[in-house]
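Asks: Right, I'll just put the structure down here and ask away after.
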Amino acid sequence: MIDYNKLDIEEFDAVVTGELTHLAIHFEYWLDEIIIDFFQVCKTKEFRKFVLDRDGLKFQDKIEIVRCCLPLLGEVGQTLELKSILNDIEKFKSWRNALAHGRDGGSESSPLKMSVEIINRAGKEKNIEITPQSHQKMLRDMEVLLEKIKKTSSVIEKLDE
C-alpha cells in the first residue's frame, strides 16, 4: 500500500493517473470479454485484432456496444444489473478523463490535494478534488466494480452453453 502522505504533488499526480489508467485497462479488457462472449465469434483472435484492438475503437465505443446488447440479454441483463455497471464505468471514465484532460488548480497550501478543473462539451465548468483519502476510496469502489464486470462476463459467456 502506498503511503500517499510521503509523496509530493507531482508524485501523487503520477500515482493517481497511473492507477486510474491501470483500472481503465482492466475495465476495457472486461468490456471486450463481454462483447466477444455475446457474439460468440468463431475466430476470436481475429475479431479481437481487427475490431476490439484497433486504434479507432475507443473505450466509450465499447461501453456503447455493450449497452446496445442490453435489450438482447433481457432478464439476464437486468438480473446482472449491467446497465448500472455500465453507468458506473462511465462515471469512472469521466473521472479518468478529467485527470487526463483537465488542469490542476491545486495550491501550495494543500500539497496532497489535486483540484482538477475541466470544462465539459456543453461548456460547463466542473472541479474535481482528489485527496489521498478520496483516491483510496475510489480505488476500493472500482475494485468492487471490476469484480462485478468480471462476474457479468462469466455469466454471459455461459448463456450459449
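Chain lettering (A, B, ...) mirrors the order of the C-alpha cells, residue numbering begins at 1 for each chain separately, and ligand numbering begins at 1 in order of display.
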Can you list, as an mmCIF file with C-alpha atoms, in the first residue's frame, every protein, DNA or RNA residue that comes within 10 Å of Glu11 in chain A when you count only C-alpha atoms, leaving out same-chain residues fewer than 6 positions away?
Replies:
data_model
loop_
_atom_site.group_PDB
_atom_site.id
_atom_site.type_symbol
_atom_site.label_atom_id
_atom_site.label_comp_id
_atom_site.auth_asym_id
_atom_site.auth_seq_id
_atom_site.Cartn_x
_atom_site.Cartn_y
_atom_site.Cartn_z
ATOM 1 C CA TYR A 4 0.387 8.972 -0.100
ATOM 2 C CA THR A 17 -3.011 8.962 -13.001
ATOM 3 C CA LEU A 112 -1.676 16.449 -1.449
#
Asks: Need to verify the contact set: range 70-75 of chain A, 12 Å, only C-alpha atoms, exclusion of same-chain residues closer than 3 positions in sequence. Can you return it as a list of chain:residue names?
Replies: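 These residues fall inside the cut-off: A:Ile34, A:Ile35, A:Asp37, A:Phe38, A:Phe39, A:Ile63, A:Glu64, A:Ile65, A:Val66, A:Arg67, A:Gln78, A:Thr79, A:Leu80, A:Glu81, A:Leu82, A:Lys83, A:Ser84, A:Ile85, A:Leu86, A:Thr152, A:Val155, A:Ile156, A:Glu157, A:Leu159, A:Asp160.
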Asks: For the residues selected in the previous step, produce a file with C-alpha atoms as a CSV table (one decimal), in the first residue's frame.
Replies:
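Saved as part_4.csv:
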chain,number,residue,atom,x,y,z
A,34,ILE,CA,-18.5,-9.3,-22.8
A,35,ILE,CA,-18.5,-8.3,-26.5
A,37,ASP,CA,-18.8,-13.7,-25.3
A,38,PHE,CA,-22.0,-12.1,-26.6
A,39,PHE,CA,-21.3,-12.5,-30.2
A,63,ILE,CA,-19.4,0.8,-23.5
A,64,GLU,CA,-22.0,1.7,-26.1
A,65,ILE,CA,-21.7,-1.7,-27.8
A,66,VAL,CA,-22.4,-3.5,-24.5
A,67,ARG,CA,-25.2,-1.0,-23.9
A,78,GLN,CA,-31.4,-6.9,-15.6
A,79,THR,CA,-30.5,-9.5,-13.1
A,80,LEU,CA,-26.8,-8.8,-13.5
A,81,GLU,CA,-27.5,-5.0,-13.3
A,82,LEU,CA,-25.4,-4.5,-16.4
A,83,LYS,CA,-26.9,-1.1,-17.1
A,84,SER,CA,-25.9,0.1,-13.6
A,85,ILE,CA,-22.4,-1.4,-14.1
A,86,LEU,CA,-22.0,0.5,-17.4
A,152,THR,CA,-21.1,-10.5,-15.6
A,155,VAL,CA,-22.4,-15.4,-16.7
A,156,ILE,CA,-22.9,-14.1,-20.3
A,157,GLU,CA,-20.3,-16.5,-21.5
A,159,LEU,CA,-25.6,-18.3,-21.8
A,160,ASP,CA,-24.9,-20.1,-25.0
Asks: Between CA of Pro132 in chain A and CA of Ser94 in chain A, measure the distance and give it in Å to one decimal.
Replies: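 Calculated distance between CA of Pro132 in chain A and CA of Ser94 in chain A is 18.8 Å.
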Asks: Report, in Å with one decimal, the straight-line distance from CA of Phe50 in chain A to CA of Ala24 in chain A.
Replies: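 About the pair CA of Phe50 in chain A and CA of Ala24 in chain A: they are 20.6 Å apart.
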